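Peer 1: See work_28.cif below, with mmCIF, C-alpha atoms and all ligand atoms.
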data_data
loop_
_atom_site.group_PDB
_atom_site.id
_atom_site.type_symbol
_atom_site.label_atom_id
_atom_site.label_comp_id
_atom_site.auth_asym_id
_atom_site.auth_seq_id
_atom_site.Cartn_x
_atom_site.Cartn_y
_atom_site.Cartn_z
ATOM 1 C CA MET R 289 -98.697 9.109 -124.438
ATOM 2 C CA TYR R 290 -96.546 7.699 -123.267
ATOM 3 C CA MET R 291 -96.349 8.524 -122.431
ATOM 4 C CA LEU R 292 -94.581 8.067 -122.907
ATOM 5 C CA ARG R 293 -91.981 5.811 -123.160
ATOM 6 C CA SER R 294 -92.873 5.349 -119.603
ATOM 7 C CA ILE R 295 -92.670 2.149 -120.388
ATOM 8 C CA ILE R 296 -90.696 -1.478 -121.040
ATOM 9 C CA ILE R 297 -91.223 -3.903 -123.792
ATOM 10 C CA LEU R 298 -93.660 -6.564 -122.922
ATOM 11 C CA ALA R 299 -92.555 -8.981 -125.464
ATOM 12 C CA THR R 300 -89.270 -9.839 -126.950
ATOM 13 C CA GLY R 301 -89.962 -8.281 -130.297
ATOM 14 C CA ALA R 302 -87.978 -5.098 -129.901
ATOM 15 C CA SER R 303 -84.427 -4.953 -130.975
ATOM 16 C CA LEU R 304 -81.743 -5.379 -128.392
ATOM 17 C CA ALA R 305 -80.109 -2.279 -129.752
ATOM 18 C CA SER R 306 -83.051 -0.084 -128.856
ATOM 19 C CA ALA R 307 -83.303 -1.571 -125.409
ATOM 20 C CA LEU R 308 -79.674 -0.756 -124.800
ATOM 21 C CA ASP R 309 -79.731 2.686 -126.251
ATOM 22 C CA PHE R 310 -79.710 4.650 -123.050
ATOM 23 C CA MET R 311 -78.626 7.699 -125.006
ATOM 24 C CA GLU R 312 -82.286 8.166 -125.627
ATOM 25 C CA TYR R 313 -82.478 9.464 -122.115
ATOM 26 C CA GLY R 314 -80.668 12.519 -123.354
ATOM 27 C CA ASN R 315 -83.803 13.494 -125.212
ATOM 28 C CA LYS R 316 -85.583 16.181 -123.296
ATOM 29 C CA ALA R 317 -88.912 14.950 -124.589
ATOM 30 C CA PHE R 318 -88.314 12.037 -122.370
ATOM 31 C CA ASP R 319 -87.674 13.954 -119.173
ATOM 32 C CA ALA R 320 -91.168 13.488 -117.828
ATOM 33 C CA ILE R 321 -90.460 9.801 -117.602
ATOM 34 C CA LYS R 322 -86.774 9.814 -116.914
ATOM 35 C CA ARG R 323 -87.048 11.996 -113.901
ATOM 36 C CA ASN R 324 -88.801 9.488 -111.782
ATOM 37 C CA LEU R 325 -86.558 6.616 -112.615
ATOM 38 C CA PRO R 326 -83.638 5.984 -110.315
ATOM 39 C CA ASP R 327 -80.123 5.480 -111.602
ATOM 40 C CA ILE R 328 -79.984 4.357 -115.166
ATOM 41 C CA GLU R 329 -78.037 1.258 -114.170
ATOM 42 C CA ILE R 330 -80.964 -0.319 -112.463
ATOM 43 C CA ILE R 331 -83.257 -0.015 -115.450
ATOM 44 C CA LYS R 332 -83.774 -3.553 -116.524
ATOM 45 C CA PRO R 333 -84.522 -4.289 -120.132
ATOM 46 C CA ARG R 334 -86.292 -7.580 -120.412
ATOM 47 C CA GLN R 335 -84.117 -8.455 -123.370
ATOM 48 C CA LEU R 336 -81.227 -8.833 -120.965
ATOM 49 C CA ALA R 337 -83.275 -11.201 -118.853
ATOM 50 C CA LEU R 338 -82.840 -8.696 -116.046
ATOM 51 C CA CYS R 339 -86.418 -7.519 -115.932
ATOM 52 C CA PRO R 340 -87.750 -9.063 -112.727
ATOM 53 C CA ALA R 341 -89.690 -12.222 -113.491
ATOM 54 C CA VAL R 342 -92.664 -10.946 -111.531
ATOM 55 C CA TRP R 343 -93.578 -8.682 -114.450
ATOM 56 C CA THR R 344 -94.230 -11.716 -116.633
ATOM 57 C CA LEU R 345 -96.864 -12.776 -114.118
ATOM 58 C CA VAL R 346 -98.304 -9.274 -114.054
ATOM 59 C CA ALA R 347 -98.462 -9.164 -117.856
ATOM 60 C CA SER R 348 -100.306 -12.446 -117.910
ATOM 61 C CA GLU R 349 -102.944 -11.293 -115.438
ATOM 62 C CA LEU R 350 -103.366 -7.893 -117.067
ATOM 63 C CA SER R 351 -103.779 -9.377 -120.533
ATOM 64 C CA THR R 352 -106.804 -11.234 -119.262
ATOM 65 C CA THR R 353 -108.092 -8.142 -117.501
ATOM 66 C CA PHE R 354 -107.911 -5.867 -120.526
ATOM 67 C CA LEU R 355 -109.202 -8.075 -123.341
ATOM 68 C CA ASN R 356 -112.870 -8.649 -124.038
ATOM 69 C CA THR R 357 -112.782 -12.310 -125.031
ATOM 70 C CA THR R 358 -116.108 -12.016 -126.847
ATOM 71 C CA ASP R 359 -115.239 -9.355 -129.393
ATOM 72 C CA LEU R 360 -111.436 -9.520 -128.921
ATOM 73 C CA LEU R 361 -111.245 -5.754 -128.426
ATOM 74 C CA CYS R 362 -109.697 -3.913 -125.495
ATOM 75 C CA ASN R 363 -112.216 -3.070 -122.815
ATOM 76 C CA ASP R 364 -113.064 -0.161 -120.527
ATOM 77 C CA ASP R 365 -110.450 -1.216 -117.947
ATOM 78 C CA ALA R 366 -107.822 -1.058 -120.696
ATOM 79 C CA ARG R 367 -108.724 2.472 -121.737
ATOM 80 C CA ALA R 368 -108.849 3.575 -118.109
ATOM 81 C CA ALA R 369 -105.399 2.090 -117.472
ATOM 82 C CA ILE R 370 -103.961 3.975 -120.448
ATOM 83 C CA ARG R 371 -105.422 7.204 -119.115
ATOM 84 C CA ALA R 372 -104.224 6.441 -115.571
ATOM 85 C CA ALA R 373 -100.640 6.166 -116.796
ATOM 86 C CA PHE R 374 -100.895 9.579 -118.348
ATOM 87 C CA HIS R 375 -102.529 11.104 -115.276
ATOM 88 C CA ASP R 376 -99.909 9.733 -112.872
ATOM 89 C CA CYS R 377 -97.057 11.021 -115.050
ATOM 90 C CA ALA R 378 -98.399 14.322 -116.274
ATOM 91 C CA SER R 379 -99.197 15.888 -112.909
ATOM 92 C CA TRP R 380 -95.822 17.498 -113.099
ATOM 93 C CA ASN R 381 -93.921 20.287 -114.832
ATOM 94 C CA THR R 382 -90.330 21.414 -114.959
ATOM 95 C CA SER R 383 -90.748 23.613 -111.895
ATOM 96 C CA VAL R 384 -92.652 21.351 -109.496
ATOM 97 C CA THR R 385 -92.034 17.827 -108.240
ATOM 98 C CA GLY R 386 -94.323 14.916 -108.962
ATOM 99 C CA GLY R 387 -94.856 12.831 -112.042
ATOM 100 C CA CYS R 388 -94.787 9.056 -112.462
ATOM 101 C CA ASP R 389 -94.663 8.267 -108.771
ATOM 102 C CA GLY R 390 -97.775 6.200 -108.088
ATOM 103 C CA SER R 391 -99.347 9.049 -106.153
ATOM 104 C CA LEU R 392 -102.414 8.816 -108.391
ATOM 105 C CA ILE R 393 -103.386 5.664 -106.492
ATOM 106 C CA LEU R 394 -101.296 5.999 -103.326
ATOM 107 C CA ALA R 395 -102.363 9.484 -102.221
ATOM 108 C CA PRO R 396 -106.070 9.099 -101.443
ATOM 109 C CA GLU R 397 -106.854 12.680 -102.401
ATOM 110 C CA GLU R 398 -105.547 12.519 -105.949
ATOM 111 C CA LEU R 399 -108.097 10.068 -107.329
ATOM 112 C CA THR R 400 -110.973 12.104 -105.930
ATOM 113 C CA ARG R 401 -110.073 15.179 -107.980
ATOM 114 C CA SER R 402 -112.359 16.113 -110.814
ATOM 115 C CA GLU R 403 -109.378 16.027 -113.193
ATOM 116 C CA ASN R 404 -109.196 12.310 -112.419
ATOM 117 C CA ASN R 405 -112.891 11.632 -112.853
ATOM 118 C CA GLY R 406 -113.382 8.308 -114.577
ATOM 119 C CA LEU R 407 -110.325 6.718 -113.004
ATOM 120 C CA GLN R 408 -112.015 5.810 -109.752
ATOM 121 C CA ASP R 409 -112.615 2.205 -110.844
ATOM 122 C CA ILE R 410 -109.228 1.392 -112.288
ATOM 123 C CA GLY R 411 -107.315 3.092 -109.444
ATOM 124 C CA PRO R 412 -108.182 0.590 -106.704
ATOM 125 C CA LYS R 413 -107.690 -2.291 -109.143
ATOM 126 C CA LEU R 414 -104.157 -1.161 -109.904
ATOM 127 C CA LEU R 415 -103.466 -0.651 -106.221
ATOM 128 C CA ALA R 416 -104.678 -4.170 -105.402
ATOM 129 C CA LEU R 417 -102.457 -5.579 -108.150
ATOM 130 C CA THR R 418 -99.504 -3.624 -106.803
ATOM 131 C CA LYS R 419 -99.967 -5.146 -103.352
ATOM 132 C CA LYS R 420 -100.546 -8.627 -104.728
ATOM 133 C CA TYR R 421 -97.328 -8.613 -106.728
ATOM 134 C CA GLN R 422 -95.306 -6.748 -104.105
ATOM 135 C CA ALA R 423 -95.901 -9.798 -101.920
ATOM 136 C CA ILE R 424 -94.142 -11.845 -104.606
ATOM 137 C CA ASP R 425 -91.383 -9.352 -105.396
ATOM 138 C CA SER R 426 -90.902 -6.335 -103.157
ATOM 139 C CA SER R 427 -89.353 -4.348 -106.024
ATOM 140 C CA VAL R 428 -92.803 -3.866 -107.539
ATOM 141 C CA THR R 429 -93.997 -0.278 -107.146
ATOM 142 C CA ALA R 430 -97.346 1.331 -107.804
ATOM 143 C CA ALA R 431 -95.665 3.782 -110.167
ATOM 144 C CA ASP R 432 -94.328 0.919 -112.271
ATOM 145 C CA MET R 433 -97.602 -0.993 -112.094
ATOM 146 C CA ILE R 434 -99.482 1.978 -113.546
ATOM 147 C CA GLN R 435 -97.087 2.380 -116.475
ATOM 148 C CA PHE R 436 -96.799 -1.348 -117.064
ATOM 149 C CA ALA R 437 -100.578 -1.750 -117.062
ATOM 150 C CA SER R 438 -100.851 0.936 -119.709
ATOM 151 C CA SER R 439 -98.388 -0.902 -121.931
ATOM 152 C CA VAL R 440 -100.332 -4.147 -121.575
ATOM 153 C CA ALA R 441 -103.569 -2.276 -122.219
ATOM 154 C CA ILE R 442 -102.192 -0.804 -125.440
ATOM 155 C CA VAL R 443 -101.130 -4.184 -126.835
ATOM 156 C CA SER R 444 -104.512 -5.572 -125.798
ATOM 157 C CA CYS R 445 -106.149 -3.305 -128.380
ATOM 158 C CA PRO R 446 -105.900 -4.643 -131.940
ATOM 159 C CA LEU R 447 -103.132 -2.726 -133.797
ATOM 160 C CA GLY R 448 -101.633 -1.586 -130.492
ATOM 161 C CA PRO R 449 -97.831 -1.446 -130.561
ATOM 162 C CA ARG R 450 -95.498 -2.911 -128.011
ATOM 163 C CA VAL R 451 -94.303 0.105 -126.101
ATOM 164 C CA GLN R 452 -90.875 -0.056 -124.564
ATOM 165 C CA THR R 453 -91.418 -0.071 -120.839
ATOM 166 C CA PHE R 454 -89.035 0.410 -117.947
ATOM 167 C CA VAL R 455 -89.415 -0.412 -114.292
ATOM 168 C CA GLY R 456 -87.618 1.041 -111.309
ATOM 169 C CA ARG R 457 -89.706 4.085 -110.356
ATOM 170 C CA LYS R 458 -90.009 5.131 -106.740
ATOM 171 C CA ASP R 459 -93.384 5.534 -105.134
ATOM 172 C CA SER R 460 -94.732 8.584 -103.354
ATOM 173 C CA SER R 461 -97.919 8.810 -101.367
ATOM 174 C CA THR R 462 -97.777 12.599 -101.419
ATOM 175 C CA ALA R 463 -100.384 14.030 -103.750
ATOM 176 C CA ASN R 464 -98.989 15.848 -106.773
ATOM 177 C CA VAL R 465 -99.906 19.427 -107.595
ATOM 178 C CA GLU R 466 -103.427 19.755 -108.944
ATOM 179 C CA GLY R 467 -104.210 21.453 -112.235
ATOM 180 C CA LEU R 468 -101.282 20.256 -114.339
ATOM 181 C CA LEU R 469 -103.353 17.874 -116.439
ATOM 182 C CA PRO R 470 -104.792 19.164 -119.694
ATOM 183 C CA ASP R 471 -108.242 20.684 -119.462
ATOM 184 C CA VAL R 472 -110.618 19.290 -122.030
ATOM 185 C CA ASN R 473 -111.810 22.812 -122.811
ATOM 186 C CA ALA R 474 -108.381 24.436 -122.973
ATOM 187 C CA PRO R 475 -107.457 26.196 -126.214
ATOM 188 C CA SER R 476 -104.647 24.665 -128.261
ATOM 189 C CA ALA R 477 -102.138 27.381 -127.358
ATOM 190 C CA ASP R 478 -102.545 26.643 -123.648
ATOM 191 C CA LEU R 479 -102.213 22.910 -124.252
ATOM 192 C CA ILE R 480 -99.068 23.342 -126.301
ATOM 193 C CA THR R 481 -97.534 25.426 -123.498
ATOM 194 C CA LEU R 482 -98.697 23.024 -120.797
ATOM 195 C CA PHE R 483 -97.019 20.106 -122.559
ATOM 196 C CA ALA R 484 -93.909 22.080 -123.454
ATOM 197 C CA ASN R 485 -93.479 22.616 -119.729
ATOM 198 C CA LYS R 486 -93.435 18.844 -119.333
ATOM 199 C CA GLY R 487 -90.767 18.432 -122.015
ATOM 200 C CA ILE R 488 -93.236 17.340 -124.701
ATOM 201 C CA ASN R 489 -93.197 19.383 -127.902
ATOM 202 C CA ALA R 490 -96.175 20.158 -130.137
ATOM 203 C CA ASP R 491 -95.584 17.305 -132.585
ATOM 204 C CA GLU R 492 -95.134 14.856 -129.747
ATOM 205 C CA LEU R 493 -98.330 16.107 -128.168
ATOM 206 C CA ILE R 494 -100.219 15.363 -131.362
ATOM 207 C CA ALA R 495 -98.817 11.825 -131.443
ATOM 208 C CA LEU R 496 -99.653 11.391 -127.774
ATOM 209 C CA ILE R 497 -103.308 12.377 -128.048
ATOM 210 C CA GLY R 498 -103.808 9.665 -130.649
ATOM 211 C CA ALA R 499 -104.368 7.513 -127.561
ATOM 212 C CA HIS R 500 -107.872 8.940 -127.774
ATOM 213 C CA SER R 501 -108.267 6.281 -130.456
ATOM 214 C CA SER R 502 -109.253 3.959 -127.644
ATOM 215 C CA SER R 503 -110.943 6.396 -125.261
ATOM 216 C CA LYS R 504 -114.495 7.101 -124.239
ATOM 217 C CA GLN R 505 -115.739 10.112 -122.341
ATOM 218 C CA PHE R 506 -117.935 9.677 -119.282
ATOM 219 C CA HIS R 507 -117.783 12.991 -117.424
ATOM 220 C CA VAL R 508 -117.205 15.743 -119.989
ATOM 221 C CA ASP R 509 -120.844 15.431 -121.002
ATOM 222 C CA GLU R 510 -122.596 13.018 -118.699
ATOM 223 C CA THR R 511 -125.663 12.939 -120.946
ATOM 224 C CA GLN R 512 -123.450 11.158 -123.486
ATOM 225 C CA ALA R 513 -121.508 9.025 -121.005
ATOM 226 C CA GLY R 514 -119.564 6.298 -122.775
ATOM 227 C CA ALA R 515 -119.361 8.144 -126.101
ATOM 228 C CA PRO R 516 -116.032 7.298 -127.791
ATOM 229 C CA GLN R 517 -113.550 9.703 -129.382
ATOM 230 C CA ASP R 518 -113.455 7.698 -132.566
ATOM 231 C CA ASP R 519 -115.688 5.131 -134.218
ATOM 232 C CA THR R 520 -113.589 2.142 -133.075
ATOM 233 C CA PRO R 521 -112.670 2.616 -129.389
ATOM 234 C CA GLY R 522 -111.753 -1.071 -129.021
ATOM 235 C CA GLU R 523 -108.922 -0.722 -131.526
ATOM 236 C CA TRP R 524 -105.670 1.198 -131.467
ATOM 237 C CA ASP R 525 -106.112 2.646 -134.945
ATOM 238 C CA VAL R 526 -105.803 6.106 -136.467
ATOM 239 C CA ASP R 527 -109.499 6.772 -136.988
ATOM 240 C CA PHE R 528 -109.304 9.330 -134.183
ATOM 241 C CA TYR R 529 -107.350 11.719 -136.399
ATOM 242 C CA ALA R 530 -109.946 11.560 -139.178
ATOM 243 C CA ASP R 531 -112.958 11.523 -136.877
ATOM 244 C CA THR R 532 -111.921 14.627 -134.938
ATOM 245 C CA SER R 533 -112.282 16.783 -138.052
ATOM 246 C CA SER R 534 -115.162 14.861 -139.587
ATOM 247 C CA LYS R 535 -117.240 13.476 -136.759
ATOM 248 C CA PRO R 536 -119.176 10.247 -137.411
ATOM 249 C CA ALA R 537 -122.479 9.769 -135.614
ATOM 250 C CA GLY R 538 -121.976 8.640 -132.031
ATOM 251 C CA VAL R 539 -118.450 9.989 -131.738
ATOM 252 C CA PHE R 540 -117.842 12.681 -129.124
ATOM 253 C CA VAL R 541 -115.097 15.108 -130.135
ATOM 254 C CA LEU R 542 -113.311 16.704 -127.174
ATOM 255 C CA ALA R 543 -112.985 20.473 -127.523
ATOM 256 C CA SER R 544 -109.261 20.232 -126.779
ATOM 257 C CA ASP R 545 -108.754 17.750 -129.634
ATOM 258 C CA ALA R 546 -110.756 19.883 -132.050
ATOM 259 C CA SER R 547 -108.668 22.911 -131.076
ATOM 260 C CA LEU R 548 -105.384 21.087 -131.692
ATOM 261 C CA ALA R 549 -106.640 19.706 -135.012
ATOM 262 C CA ALA R 550 -107.378 23.256 -136.167
ATOM 263 C CA ASP R 551 -104.336 25.075 -134.761
ATOM 264 C CA PRO R 552 -101.907 26.154 -137.541
ATOM 265 C CA GLN R 553 -99.024 25.008 -135.322
ATOM 266 C CA THR R 554 -100.310 21.455 -135.038
ATOM 267 C CA SER R 555 -102.862 20.848 -137.785
ATOM 268 C CA ALA R 556 -100.356 19.559 -140.362
ATOM 269 C CA THR R 557 -98.999 16.978 -137.931
ATOM 270 C CA PHE R 558 -102.532 16.084 -136.914
ATOM 271 C CA GLN R 559 -103.552 15.526 -140.546
ATOM 272 C CA SER R 560 -100.366 13.594 -141.281
ATOM 273 C CA PHE R 561 -101.595 10.763 -139.052
ATOM 274 C CA VAL R 562 -104.912 10.377 -140.884
ATOM 275 C CA GLY R 563 -104.836 6.917 -142.437
ATOM 276 C CA ALA R 564 -101.190 6.499 -141.391
ATOM 277 C CA GLN R 565 -101.180 3.679 -138.855
ATOM 278 C CA ALA R 566 -97.515 2.763 -139.105
ATOM 279 C CA LYS R 567 -96.430 6.383 -138.945
ATOM 280 C CA TRP R 568 -98.522 7.005 -135.857
ATOM 281 C CA ASN R 569 -97.457 3.815 -134.063
ATOM 282 C CA GLY R 570 -93.867 4.796 -134.705
ATOM 283 C CA ALA R 571 -94.407 8.317 -133.404
ATOM 284 C CA PHE R 572 -96.396 7.197 -130.391
ATOM 285 C CA THR R 573 -93.914 4.625 -129.224
ATOM 286 C CA GLN R 574 -91.178 7.243 -129.400
ATOM 287 C CA ARG R 575 -92.960 9.292 -126.791
HETATM 288 C C1 LIG B 601 -117.574 -7.678 -124.594
HETATM 289 O O1 LIG B 601 -117.995 -7.549 -125.930
HETATM 290 C C2 LIG B 601 -119.357 -7.855 -126.119
HETATM 291 C C3 LIG B 601 -119.628 -7.809 -127.620
HETATM 292 O O2 LIG B 601 -119.279 -6.530 -128.131
HETATM 293 C C4 LIG B 601 -120.236 -6.896 -125.322
HETATM 294 O O3 LIG B 601 -121.593 -7.214 -125.479
HETATM 295 C C5 LIG B 601 -119.847 -6.993 -123.851
HETATM 296 O O4 LIG B 601 -120.558 -6.015 -123.111
HETATM 297 C C6 LIG B 601 -118.376 -6.773 -123.667
HETATM 298 N N1 LIG B 601 -118.005 -7.020 -122.282
HETATM 299 C C7 LIG B 601 -117.332 -6.169 -121.548
HETATM 300 C C8 LIG B 601 -117.054 -6.586 -120.140
HETATM 301 O O5 LIG B 601 -116.946 -5.090 -121.968
HETATM 302 C C1 LIG B 602 -95.714 24.502 -112.983
HETATM 303 O O1 LIG B 602 -96.899 24.419 -112.255
HETATM 304 C C2 LIG B 602 -97.007 25.377 -111.226
HETATM 305 C C3 LIG B 602 -98.269 25.045 -110.438
HETATM 306 O O2 LIG B 602 -99.397 25.104 -111.261
HETATM 307 C C4 LIG B 602 -97.053 26.761 -111.837
HETATM 308 O O3 LIG B 602 -97.136 27.725 -110.823
HETATM 309 C C5 LIG B 602 -95.782 26.969 -112.657
HETATM 310 O O4 LIG B 602 -95.877 28.182 -113.356
HETATM 311 C C6 LIG B 602 -95.596 25.845 -113.660
HETATM 312 N N1 LIG B 602 -94.289 25.997 -114.266
HETATM 313 C C7 LIG B 602 -94.065 25.697 -115.534
HETATM 314 C C8 LIG B 602 -92.674 25.871 -116.024
HETATM 315 O O5 LIG B 602 -94.959 25.322 -116.258
#
Will you turn the file into structure tokens for me?
Peer 2:
Amino acid sequence: MYMLRSIIILATGASLASALDFMEYGNKAFDAIKRNLPDIEIIKPRQLALCPAVWTLVASELSTTFLNTTDLLCNDDARAAIRAAFHDCASWNTSVTGGCDGSLILAPEELTRSENNGLQDIGPKLLALTKKYQAIDSSVTAADMIQFASSVAIVSCPLGPRVQTFVGRKDSSTANVEGLLPDVNAPSADLITLFANKGINADELIALIGAHSSSKQFHVDETQAGAPQDDTPGEWDVDFYADTSSKPAGVFVLASDASLAADPQTSATFQSFVGAQAKWNGAFTQR
């Protein structure tokens, strides 16, 4: 989504070189994230032991929160946290302010919007965590908590990659502009334009929506509340790409996903992720 490389590495697995490669900020695909970070100097890669220690505590608590210890799959809080990170960041385009600023949970109005339906449980949880850990380290922001939680949620799903994650965002309690999140019924052309105006190109969009591997819908069709977008919503796999075109029983295909799977501009990329876990993980973590 990453989404967005909204994000710091939770574990020490990533190479030091990639953590230090701030040239990546030159990539316009990354602007949606970059823009809400303060000066590059204060970005703290954990590999340099500069990432504030508080985030280790946060990671520990969130890991427990997001894993179902019975089936060892990621749970509903995990999928909601992944979606929350996208919704905080994506309420922005190149001509309005907003983005990854914590306003999703800090501006009371934002969570009540229909475009944020389904996030009303995770929102207050993330806000409570923000306050809890701010008391330990005042550098903790809601904006960072949202992105960090998404990264922990992703690794809590089997096959989920470690997504490089940065902290240092500034909070805003001013609601972002409404209507900049993708509409589930929007045609592919509109979605491609919407994302282009956030600095995310068509191929990157297709990698990003693979996050629907772990999603369930509750409000698109309330008669099928809880229906997943692939057959294994507890795992971060690539079944979503296959299941969108060839729907197994019980899977709910979002109209927007079906439209992107069929669009000549995006269908080849969409199909290229079918059965290609490593390729998709690589593409997703570049977002
Ligand atoms: C955890 O997984 C078990 C087995 O699939 C399921 O019955 C239970 O409802 C899950 N718990 C939560 C909190 O999701
Ligand atoms: C950004 O969003 C605003 C508000 O919806 C809209 O008026 C404007 O056209 C958008 N600009 C771009 C570049 O997408």
Peer 1: With 10 Å as the cut-off and all atoms listed in the file counted, what is the closest atom pair between each nearby residue of chain R and ligand LIG 602 (chain B)? Distances in Å to one decimal, ordered by chain and number, as a Markdown table.
Peer 2:
| residue | atom | partner | partner_atom | distance |
| --- | --- | --- | --- | --- |
| R:Ser379 | CA | B:LIG602 | O1 | 8.9 |
| R:Trp380 | CA | B:LIG602 | C1 | 7.0 |
| R:Asn381 | CA | B:LIG602 | C1 | 4.9 |
| R:Thr382 | CA | B:LIG602 | C8 | 5.1 |
| R:Ser383 | CA | B:LIG602 | N1 | 4.9 |
| R:Val384 | CA | B:LIG602 | C1 | 5.6 |
| R:Thr385 | CA | B:LIG602 | C1 | 9.0 |
| R:Asn464 | CA | B:LIG602 | C3 | 9.9 |
| R:Val465 | CA | B:LIG602 | C3 | 6.5 |
| R:Glu466 | CA | B:LIG602 | O2 | 7.1 |
| R:Gly467 | CA | B:LIG602 | O2 | 6.1 |
| R:Leu468 | CA | B:LIG602 | O2 | 6.0 |
| R:Leu469 | CA | B:LIG602 | O2 | 9.7 |
| R:Thr481 | CA | B:LIG602 | O5 | 7.7 |
| R:Leu482 | CA | B:LIG602 | O5 | 6.3 |
| R:Phe483 | CA | B:LIG602 | O5 | 8.4 |
| R:Ala484 | CA | B:LIG602 | O5 | 8.0 |
| R:Asn485 | CA | B:LIG602 | O5 | 4.6 |
| R:Lys486 | CA | B:LIG602 | O5 | 7.3 |
| R:Gly487 | CA | B:LIG602 | C8 | 9.7 |
Peer 1: Residues within 10 Å of ligand LIG 601 (chain B), counting all atoms listed in the file: report them as an MDAnalysis selection string.
Peer 2: chainID R and resid 353:365 522
Peer 1: When distances are computed from only C-alpha atoms, which of R:Ser444, R:Asn569, R:Gln512, R:Ser555 shows the smallest separation from Ser476 (chain R)?
Peer 2: R:Ser555
Peer 1: Do you have the CA of Gly498 (chain R)-CA of Val526 (chain R) distance handy?
Peer 2: 7.1 Å
Peer 1: Using all atoms listed in the file, can you list as a JSON list (two decimals) with C-alpha atoms, in the coordinates of the input the residues within 6 Å of (-96.0, 7.8, -130.1)?
Peer 2:
[["chain", "number", "residue", "atom", "x", "y", "z"],
["R", 495, "ALA", "CA", -98.82, 11.82, -131.44],
["R", 496, "LEU", "CA", -99.65, 11.39, -127.77],
["R", 569, "ASN", "CA", -97.46, 3.82, -134.06],
["R", 570, "GLY", "CA", -93.87, 4.80, -134.71],
["R", 571, "ALA", "CA", -94.41, 8.32, -133.40],
["R", 572, "PHE", "CA", -96.40, 7.20, -130.39],
["R", 573, "THR", "CA", -93.91, 4.62, -129.22],
["R", 574, "GLN", "CA", -91.18, 7.24, -129.40],
["R", 575, "ARG", "CA", -92.96, 9.29, -126.79]]
Peer 1: Within 12 Å of Thr554 (chain R), counting only C-alpha atoms, which residues qualify if same-chain residues fewer than 3 places away don't, as an MDAnalysis selection string?
Peer 2: chainID R and resid 476:477 479:480 489:495 497 545:551 557:561
Peer 1: When you draw a straight line from CA of Ala430 (chain R) to CA of Ala369 (chain R), how long is it in Å?
Peer 2: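 So the two atoms, CA of Ala430 (chain R) and CA of Ala369 (chain R), lie 12.6 Å apart.
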Peer 1: For Gly390 (chain R), please output as a PDB file with C-alpha atoms, keeping the file's coordinate frame all residues within 9 Å (counting all atoms listed in the file; exclusion window: fewer than 6 positions along the same chain).
Peer 2:
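Dumped everything to result_32.pdb:
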ATOM      1  CA  ASP R 376     -99.909   9.733-112.872  1.00  0.00           C
ATOM      2  CA  CYS R 377     -97.057  11.021-115.050  1.00  0.00           C
ATOM      3  CA  THR R 429     -93.997  -0.278-107.146  1.00  0.00           C
ATOM      4  CA  ALA R 430     -97.346   1.331-107.804  1.00  0.00           C
ATOM      5  CA  ALA R 431     -95.665   3.782-110.167  1.00  0.00           C
ATOM      6  CA  ASP R 432     -94.328   0.919-112.271  1.00  0.00           C
ATOM      7  CA  MET R 433     -97.602  -0.993-112.094  1.00  0.00           C
ATOM      8  CA  ILE R 434     -99.482   1.978-113.546  1.00  0.00           C
ATOM      9  CA  ARG R 457     -89.706   4.085-110.356  1.00  0.00           C
ATOM     10  CA  LYS R 458     -90.009   5.131-106.740  1.00  0.00           C
ATOM     11  CA  ASP R 459     -93.384   5.534-105.134  1.00  0.00           C
ATOM     12  CA  SER R 460     -94.732   8.584-103.354  1.00  0.00           C
ATOM     13  CA  SER R 461     -97.919   8.810-101.367  1.00  0.00           C
TER      14      SER R 461
END
Peer 1: Hey, what comes out of the PyMOL selection byres (((chain R and resi 447) around 7) and not hetatm) on this file? Could you write it as an mmCIF file with C-alpha atoms, keeping the file's coordinate frame?
Peer 2:
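expr23.cif, freshly written:
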data_model
loop_
_atom_site.group_PDB
_atom_site.id
_atom_site.type_symbol
_atom_site.label_atom_id
_atom_site.label_comp_id
_atom_site.auth_asym_id
_atom_site.auth_seq_id
_atom_site.Cartn_x
_atom_site.Cartn_y
_atom_site.Cartn_z
ATOM 1 C CA CYS R 445 -106.149 -3.305 -128.380
ATOM 2 C CA PRO R 446 -105.900 -4.643 -131.940
ATOM 3 C CA GLY R 448 -101.633 -1.586 -130.492
ATOM 4 C CA PRO R 449 -97.831 -1.446 -130.561
ATOM 5 C CA GLU R 523 -108.922 -0.722 -131.526
ATOM 6 C CA TRP R 524 -105.670 1.198 -131.467
ATOM 7 C CA ASP R 525 -106.112 2.646 -134.945
#
Peer 1: Considering only C-alpha atoms, can you say which of R:Thr462, R:Gln452, R:Ser426, R:Ser502 comes closest to Arg371 (chain R)?
Peer 2: R:Ser502
Peer 1: Excluding Phe528 (chain R) and any residue of its chain fewer than 4 positions from it, enumerate the residues within 9 Å of it, using only C-alpha atoms, and give them as a PDB file with C-alpha atoms, in the coordinates of the input.
Peer 2:
ATOM      1  CA  GLY R 498    -103.808   9.665-130.649  1.00  0.00           C
ATOM      2  CA  ALA R 499    -104.368   7.513-127.561  1.00  0.00           C
ATOM      3  CA  HIS R 500    -107.872   8.940-127.774  1.00  0.00           C
ATOM      4  CA  SER R 501    -108.267   6.281-130.456  1.00  0.00           C
ATOM      5  CA  SER R 502    -109.253   3.959-127.644  1.00  0.00           C
ATOM      6  CA  GLN R 517    -113.550   9.703-129.382  1.00  0.00           C
ATOM      7  CA  ASP R 518    -113.455   7.698-132.566  1.00  0.00           C
ATOM      8  CA  ASP R 519    -115.688   5.131-134.218  1.00  0.00           C
ATOM      9  CA  THR R 520    -113.589   2.142-133.075  1.00  0.00           C
ATOM     10  CA  PRO R 521    -112.670   2.616-129.389  1.00  0.00           C
ATOM     11  CA  THR R 532    -111.921  14.627-134.938  1.00  0.00           C
ATOM     12  CA  SER R 533    -112.282  16.783-138.052  1.00  0.00           C
ATOM     13  CA  VAL R 562    -104.912  10.377-140.884  1.00  0.00           C
TER      14      VAL R 562
END
